[in-house]
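Next comes structure13.cif, with mmCIF, C-alpha atoms and all ligand atoms.
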```cif
data_coords
loop_
_atom_site.label_atom_id
_atom_site.label_comp_id
_atom_site.auth_asym_id
_atom_site.auth_seq_id
_atom_site.Cartn_x
_atom_site.Cartn_y
_atom_site.Cartn_z
CA MET B 21 -106.98 17.05 72.30
CA ASP B 22 -104.03 15.37 74.04
CA GLU B 23 -104.42 14.80 77.79
CA LYS B 24 -101.41 16.05 79.80
CA PRO B 25 -99.61 13.14 81.51
CA VAL B 26 -100.12 13.03 85.26
CA LEU B 27 -98.58 11.32 88.26
CA THR B 28 -100.23 10.08 91.43
CA VAL B 29 -98.91 11.39 94.74
CA ASP B 30 -99.63 9.63 98.01
CA VAL B 31 -98.45 10.88 101.40
CA VAL B 32 -98.65 8.28 104.15
CA THR B 33 -97.71 8.29 107.83
CA PRO B 34 -97.99 5.66 110.57
CA ASP B 35 -101.51 7.08 111.16
CA GLY B 36 -102.58 6.43 107.56
CA SER B 37 -102.92 8.37 104.31
CA VAL B 38 -102.72 12.14 104.72
CA TYR B 39 -102.97 13.20 101.09
CA GLN B 40 -103.61 11.64 97.71
CA ASN B 41 -103.98 13.42 94.38
CA GLN B 42 -103.11 13.44 90.70
CA THR B 43 -100.88 16.20 89.44
CA THR B 44 -98.42 17.31 86.79
CA MET B 45 -95.70 18.29 89.28
CA VAL B 46 -94.55 17.77 92.88
CA VAL B 47 -91.71 19.71 94.48
CA CYS B 48 -90.01 18.01 97.44
CA LYS B 49 -87.09 19.02 99.63
CA THR B 50 -84.71 16.13 100.04
CA THR B 51 -81.76 16.11 102.41
CA LEU B 52 -79.62 16.86 99.31
CA GLY B 53 -81.77 19.71 98.00
CA GLU B 54 -84.97 20.45 96.14
CA ILE B 55 -86.30 18.03 93.54
CA GLY B 56 -89.15 18.51 91.10
CA ILE B 57 -90.96 15.36 90.01
CA MET B 58 -92.97 15.37 86.80
CA PRO B 59 -94.62 12.45 85.00
CA ASN B 60 -92.09 10.00 83.50
CA HIS B 61 -89.29 11.21 85.78
CA VAL B 62 -86.62 8.54 86.26
CA PRO B 63 -87.20 6.22 89.23
CA THR B 64 -85.97 8.01 92.34
CA LEU B 65 -85.52 7.25 96.03
CA ALA B 66 -84.50 10.02 98.42
CA ALA B 67 -84.57 10.97 102.09
CA LEU B 68 -86.81 13.96 102.82
CA ALA B 69 -85.88 16.96 104.91
CA ILE B 70 -88.20 18.42 107.54
CA ASP B 71 -89.77 20.81 105.08
CA GLU B 72 -92.69 21.17 102.70
CA VAL B 73 -94.00 19.13 99.79
CA ARG B 74 -95.78 21.18 97.13
CA VAL B 75 -98.26 19.60 94.76
CA LYS B 76 -99.29 21.58 91.69
CA VAL B 77 -103.07 21.82 91.51
CA GLY B 78 -103.52 24.73 89.09
CA GLU B 79 -101.74 27.24 86.85
CA ASP B 80 -100.10 28.92 89.85
CA ALA B 81 -101.66 26.97 92.72
CA TYR B 82 -100.12 24.36 94.99
CA ASP B 83 -101.31 22.17 97.85
CA GLU B 84 -98.74 22.39 100.62
CA ILE B 85 -97.94 19.61 103.04
CA ALA B 86 -95.61 19.84 106.04
CA VAL B 87 -93.51 16.68 106.33
CA SER B 88 -91.39 15.80 109.35
CA GLY B 89 -88.74 13.87 107.41
CA GLY B 90 -89.11 10.46 105.79
CA PHE B 91 -88.61 9.10 102.29
CA MET B 92 -89.94 9.66 98.80
CA GLU B 93 -89.98 6.97 96.16
CA PHE B 94 -90.99 7.59 92.55
CA SER B 95 -91.64 4.86 90.01
CA HIS B 96 -94.32 4.04 87.41
CA ASN B 97 -95.70 7.57 87.74
CA THR B 98 -96.50 7.10 91.42
CA LEU B 99 -94.80 9.22 94.05
CA SER B 100 -95.00 7.64 97.49
CA ILE B 101 -94.03 9.83 100.40
CA VAL B 102 -93.62 8.00 103.68
CA ALA B 103 -93.20 10.43 106.56
CA SER B 104 -93.10 10.03 110.33
CA ALA B 105 -95.66 12.88 110.46
CA ALA B 106 -97.30 15.03 107.79
CA GLU B 107 -100.04 17.64 107.78
CA ARG B 108 -101.80 19.50 104.98
CA ARG B 109 -101.36 23.25 105.42
CA GLU B 110 -105.01 23.79 106.31
CA ASN B 111 -104.86 21.12 109.05
CA ILE B 112 -101.88 22.62 110.87
CA ASP B 113 -102.69 24.02 114.31
CA ALA B 114 -100.35 27.03 114.36
CA ASN B 115 -100.88 27.70 118.09
CA ARG B 116 -99.91 24.13 118.91
CA ALA B 117 -96.79 24.48 116.75
CA GLN B 118 -95.94 27.75 118.50
CA ARG B 119 -96.21 26.02 121.89
CA ALA B 120 -94.06 23.13 120.58
CA LYS B 121 -91.48 25.68 119.38
CA GLU B 122 -91.29 27.33 122.81
CA ARG B 123 -91.04 23.94 124.52
CA ALA B 124 -88.21 22.90 122.17
CA GLU B 125 -86.35 26.15 122.79
CA ARG B 126 -86.56 25.59 126.56
CA ARG B 127 -85.31 22.02 126.13
CA ILE B 128 -82.41 23.24 123.99
CA ALA B 129 -81.36 25.75 126.64
CA GLU B 130 -81.57 23.12 129.37
CA ALA B 131 -79.69 20.53 127.31
CA LYS B 132 -76.92 23.04 126.61
CA GLU B 133 -76.67 23.87 130.31
CA GLY B 134 -76.55 20.19 131.23
CA HIS B 135 -74.18 19.30 128.33
CA ASN B 136 -76.69 16.66 127.24
CA ILE B 137 -75.83 16.18 123.57
CA ASP B 138 -78.46 13.52 122.80
CA GLU B 139 -81.27 15.59 124.31
CA LEU B 140 -79.91 18.65 122.48
CA HIS B 141 -80.19 16.84 119.12
CA ARG B 142 -83.72 15.61 119.89
CA ALA B 143 -84.83 19.08 120.93
CA GLU B 144 -83.29 20.62 117.81
CA VAL B 145 -85.30 18.22 115.64
CA SER B 146 -88.48 19.12 117.58
CA LEU B 147 -87.70 22.78 116.99
CA LYS B 148 -87.26 22.17 113.25
CA ARG B 149 -90.65 20.42 113.07
CA ALA B 150 -92.36 23.27 114.91
CA ILE B 151 -90.71 25.99 112.79
CA ASN B 152 -91.61 24.11 109.60
CA ARG B 153 -95.28 23.90 110.65
CA ILE B 154 -95.39 27.57 111.62
CA LYS B 155 -93.82 28.59 108.29
CA ILE B 156 -96.24 26.52 106.21
CA ALA B 157 -99.35 27.43 108.26
CA GLY B 158 -98.49 31.12 107.82
CA LYS B 159 -98.43 31.01 104.01
P1 LIG B 201 -96.39 18.37 119.63
O1 LIG B 201 -95.35 18.55 120.72
O2 LIG B 201 -97.27 19.57 119.45
O3 LIG B 201 -97.13 17.05 119.73
P2 LIG B 201 -94.56 17.12 117.82
O4 LIG B 201 -93.60 17.73 116.85
O5 LIG B 201 -93.98 16.38 118.97
O6 LIG B 201 -95.54 18.29 118.28
P3 LIG B 201 -95.16 14.91 116.15
O7 LIG B 201 -94.62 13.81 117.02
O8 LIG B 201 -94.31 15.35 114.99
O9 LIG B 201 -95.55 16.17 117.05
O10 LIG B 201 -96.60 14.51 115.61
C1 LIG B 201 -97.55 13.81 116.41
C2 LIG B 201 -98.88 13.86 115.70
O11 LIG B 201 -99.45 15.15 115.86
C3 LIG B 201 -98.80 13.63 114.20
O12 LIG B 201 -99.97 12.97 113.76
C4 LIG B 201 -98.75 15.05 113.61
O13 LIG B 201 -99.27 15.09 112.30
C5 LIG B 201 -99.64 15.80 114.60
N1 LIG B 201 -99.24 17.21 114.80
C6 LIG B 201 -98.16 17.64 115.46
N2 LIG B 201 -98.13 18.98 115.52
C7 LIG B 201 -99.22 19.41 114.86
C8 LIG B 201 -99.77 20.71 114.55
N3 LIG B 201 -99.16 21.84 114.95
N4 LIG B 201 -100.92 20.78 113.87
C9 LIG B 201 -101.55 19.65 113.47
N5 LIG B 201 -101.09 18.40 113.70
C10 LIG B 201 -99.95 18.28 114.39
#
```

I need this file expressed as structure tokens, please.
Ligand code: ATP
Amino acid sequence: MDEKPVLTVDVVTPDGSVYQNQTTMVVCKTTLGEIGIMPNHVPTLAALAIDEVRVKVGEDAYDEIAVSGGFMEFSHNTLSIVASAAERRENIDANRAQRAKERAERRIAEAKEGHNIDELHRAEVSLKRAINRIKIAGK
């Protein structure tokens, strides 16, 4: 029987490897939209959005990883995802993310009041990270 071709996916952060597996498909959200990577896909380099990476692990089953932006690079059937932070769904602390969300919302309100555009942008990114974690943890 023919073996299905597979690719290796590796998610790394400054703290080390967060996830490594072999799979037949990975779905990533790039800053330009969703991309599905299957074995023998053309070499690809893309910036990742603050969103989820889904790794197919069964007929209708996926491992889900929250990524806080970064890059994906695919070549020679290896998908390397380099993210500033990444957590597997089961490792997300939803209460912590909820607290981070509330903190970011307060910072946004204060930055708007103080017309502090740089702080507003930073707080908006923090809010995105928190919302992304809450969404993925709640699946
Ligand atoms: P917080 O304010 O709660 O620290 P943050 O968005 O500032 O959130 P990051 O700077 O993105 O946190 O991440 C710092 C480290 O903490 C990373 O290793 C990241 O994976 C981890 N981390 C952040 N939030 C969570 C969470 N809700 N659950 C599990 N790990 C988390």

Quiz prompt | Within 9 Å of ligand LIG 201 (chain B), counting only C-alpha atoms and all ligand atoms, residues as JSON, numbers by chain | solution = {"B": [33, 34, 35, 38, 86, 87, 88, 104, 105, 106, 107, 108, 109, 110, 111, 112, 113, 114, 115, 116, 117, 118, 119, 120, 121, 123, 124, 145, 146, 147, 148, 149, 150, 153, 154, 157]}

Output for the residues just chosen: C-alpha atoms as a PDB file, in the coordinates of the input:
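The result, stored in selection-v2.pdb:
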```pdb
ATOM      1  CA  THR B  33     -97.710   8.290 107.830  1.00  0.00           C
ATOM      2  CA  PRO B  34     -97.990   5.660 110.570  1.00  0.00           C
ATOM      3  CA  ASP B  35    -101.510   7.080 111.160  1.00  0.00           C
ATOM      4  CA  VAL B  38    -102.720  12.140 104.720  1.00  0.00           C
ATOM      5  CA  ALA B  86     -95.610  19.840 106.040  1.00  0.00           C
ATOM      6  CA  VAL B  87     -93.510  16.680 106.330  1.00  0.00           C
ATOM      7  CA  SER B  88     -91.390  15.800 109.350  1.00  0.00           C
ATOM      8  CA  SER B 104     -93.100  10.030 110.330  1.00  0.00           C
ATOM      9  CA  ALA B 105     -95.660  12.880 110.460  1.00  0.00           C
ATOM     10  CA  ALA B 106     -97.300  15.030 107.790  1.00  0.00           C
ATOM     11  CA  GLU B 107    -100.040  17.640 107.780  1.00  0.00           C
ATOM     12  CA  ARG B 108    -101.800  19.500 104.980  1.00  0.00           C
ATOM     13  CA  ARG B 109    -101.360  23.250 105.420  1.00  0.00           C
ATOM     14  CA  GLU B 110    -105.010  23.790 106.310  1.00  0.00           C
ATOM     15  CA  ASN B 111    -104.860  21.120 109.050  1.00  0.00           C
ATOM     16  CA  ILE B 112    -101.880  22.620 110.870  1.00  0.00           C
ATOM     17  CA  ASP B 113    -102.690  24.020 114.310  1.00  0.00           C
ATOM     18  CA  ALA B 114    -100.350  27.030 114.360  1.00  0.00           C
ATOM     19  CA  ASN B 115    -100.880  27.700 118.090  1.00  0.00           C
ATOM     20  CA  ARG B 116     -99.910  24.130 118.910  1.00  0.00           C
ATOM     21  CA  ALA B 117     -96.790  24.480 116.750  1.00  0.00           C
ATOM     22  CA  GLN B 118     -95.940  27.750 118.500  1.00  0.00           C
ATOM     23  CA  ARG B 119     -96.210  26.020 121.890  1.00  0.00           C
ATOM     24  CA  ALA B 120     -94.060  23.130 120.580  1.00  0.00           C
ATOM     25  CA  LYS B 121     -91.480  25.680 119.380  1.00  0.00           C
ATOM     26  CA  ARG B 123     -91.040  23.940 124.520  1.00  0.00           C
ATOM     27  CA  ALA B 124     -88.210  22.900 122.170  1.00  0.00           C
ATOM     28  CA  VAL B 145     -85.300  18.220 115.640  1.00  0.00           C
ATOM     29  CA  SER B 146     -88.480  19.120 117.580  1.00  0.00           C
ATOM     30  CA  LEU B 147     -87.700  22.780 116.990  1.00  0.00           C
ATOM     31  CA  LYS B 148     -87.260  22.170 113.250  1.00  0.00           C
ATOM     32  CA  ARG B 149     -90.650  20.420 113.070  1.00  0.00           C
ATOM     33  CA  ALA B 150     -92.360  23.270 114.910  1.00  0.00           C
ATOM     34  CA  ARG B 153     -95.280  23.900 110.650  1.00  0.00           C
ATOM     35  CA  ILE B 154     -95.390  27.570 111.620  1.00  0.00           C
ATOM     36  CA  ALA B 157     -99.350  27.430 108.260  1.00  0.00           C
TER      37      ALA B 157
END
```

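Using all atoms listed in the file, the contacts of region 75-81 of chain B at a cut-off of 9 Å, with sequence neighbours closer than 4 positions omitted, comprise Val29, Asn41, Gln42, Thr43, Thr44, Met45, Val46, Val47, Cys48 and Ile85 of chain B.
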
Practice problem: Could you give me, as an MDAnalysis selection string, the residues within 12 Å of Asn60 (chain B), counting all atoms listed in the file and dropping anything in the same chain fewer than 4 positions from it? | Solution: chainID B and resid 24:28 44:45 56 64 94:99

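Take CA of Ile128 (chain B) and CA of Val102 (chain B): the distance between them is 27.8 Å.
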
Quiz item: What separation in Å, quoted to one decimal, exists between CA of Glu125 (chain B) and CA of Lys155 (chain B)?
Solution: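 Taking CA of Glu125 (chain B) as the start and CA of Lys155 (chain B) as the end point, the length is 16.5 Å.
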
Quiz prompt | Two-atom distance - CA of Val32 (chain B), CA of Ala143 (chain B) (Å) | solution =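 If I compute the distance from CA of Val32 (chain B) to CA of Ala143 (chain B), I get 24.3 Å.
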
Practice problem: Counting all atoms listed in the file, figure out which residue out of B:Tyr39, B:Ala66, B:Asp30, B:Tyr82 gets nearest to Leu52 (chain B). | Solution: B:Ala66

Practice problem: Quick one: everything within 6 Å of Gly89 (chain B), counting all atoms listed in the file, minus sequence neighbours fewer than 3 positions away in the same chain. Send it as a count of residues only. | Solution: 4

Quiz item: Which of these, B:Leu140, B:Val31, B:Ile151, B:Ala129, has the shortest distance to Glu93 (chain B) once you count all atoms listed in the file?
Solution: B:Val31

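Minimum atom-to-atom distance to Glu144 (chain B), evaluated using only C-alpha atoms, belongs to B:Arg127 out of B:Ile156, B:Val73, B:Leu65, B:Arg127.
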
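Among the candidate residues B:Glu72, B:Glu133, B:Glu122, B:Asp138, the one lying nearest to Ile101 (chain B) is B:Glu72, with distances computed using all atoms listed in the file.
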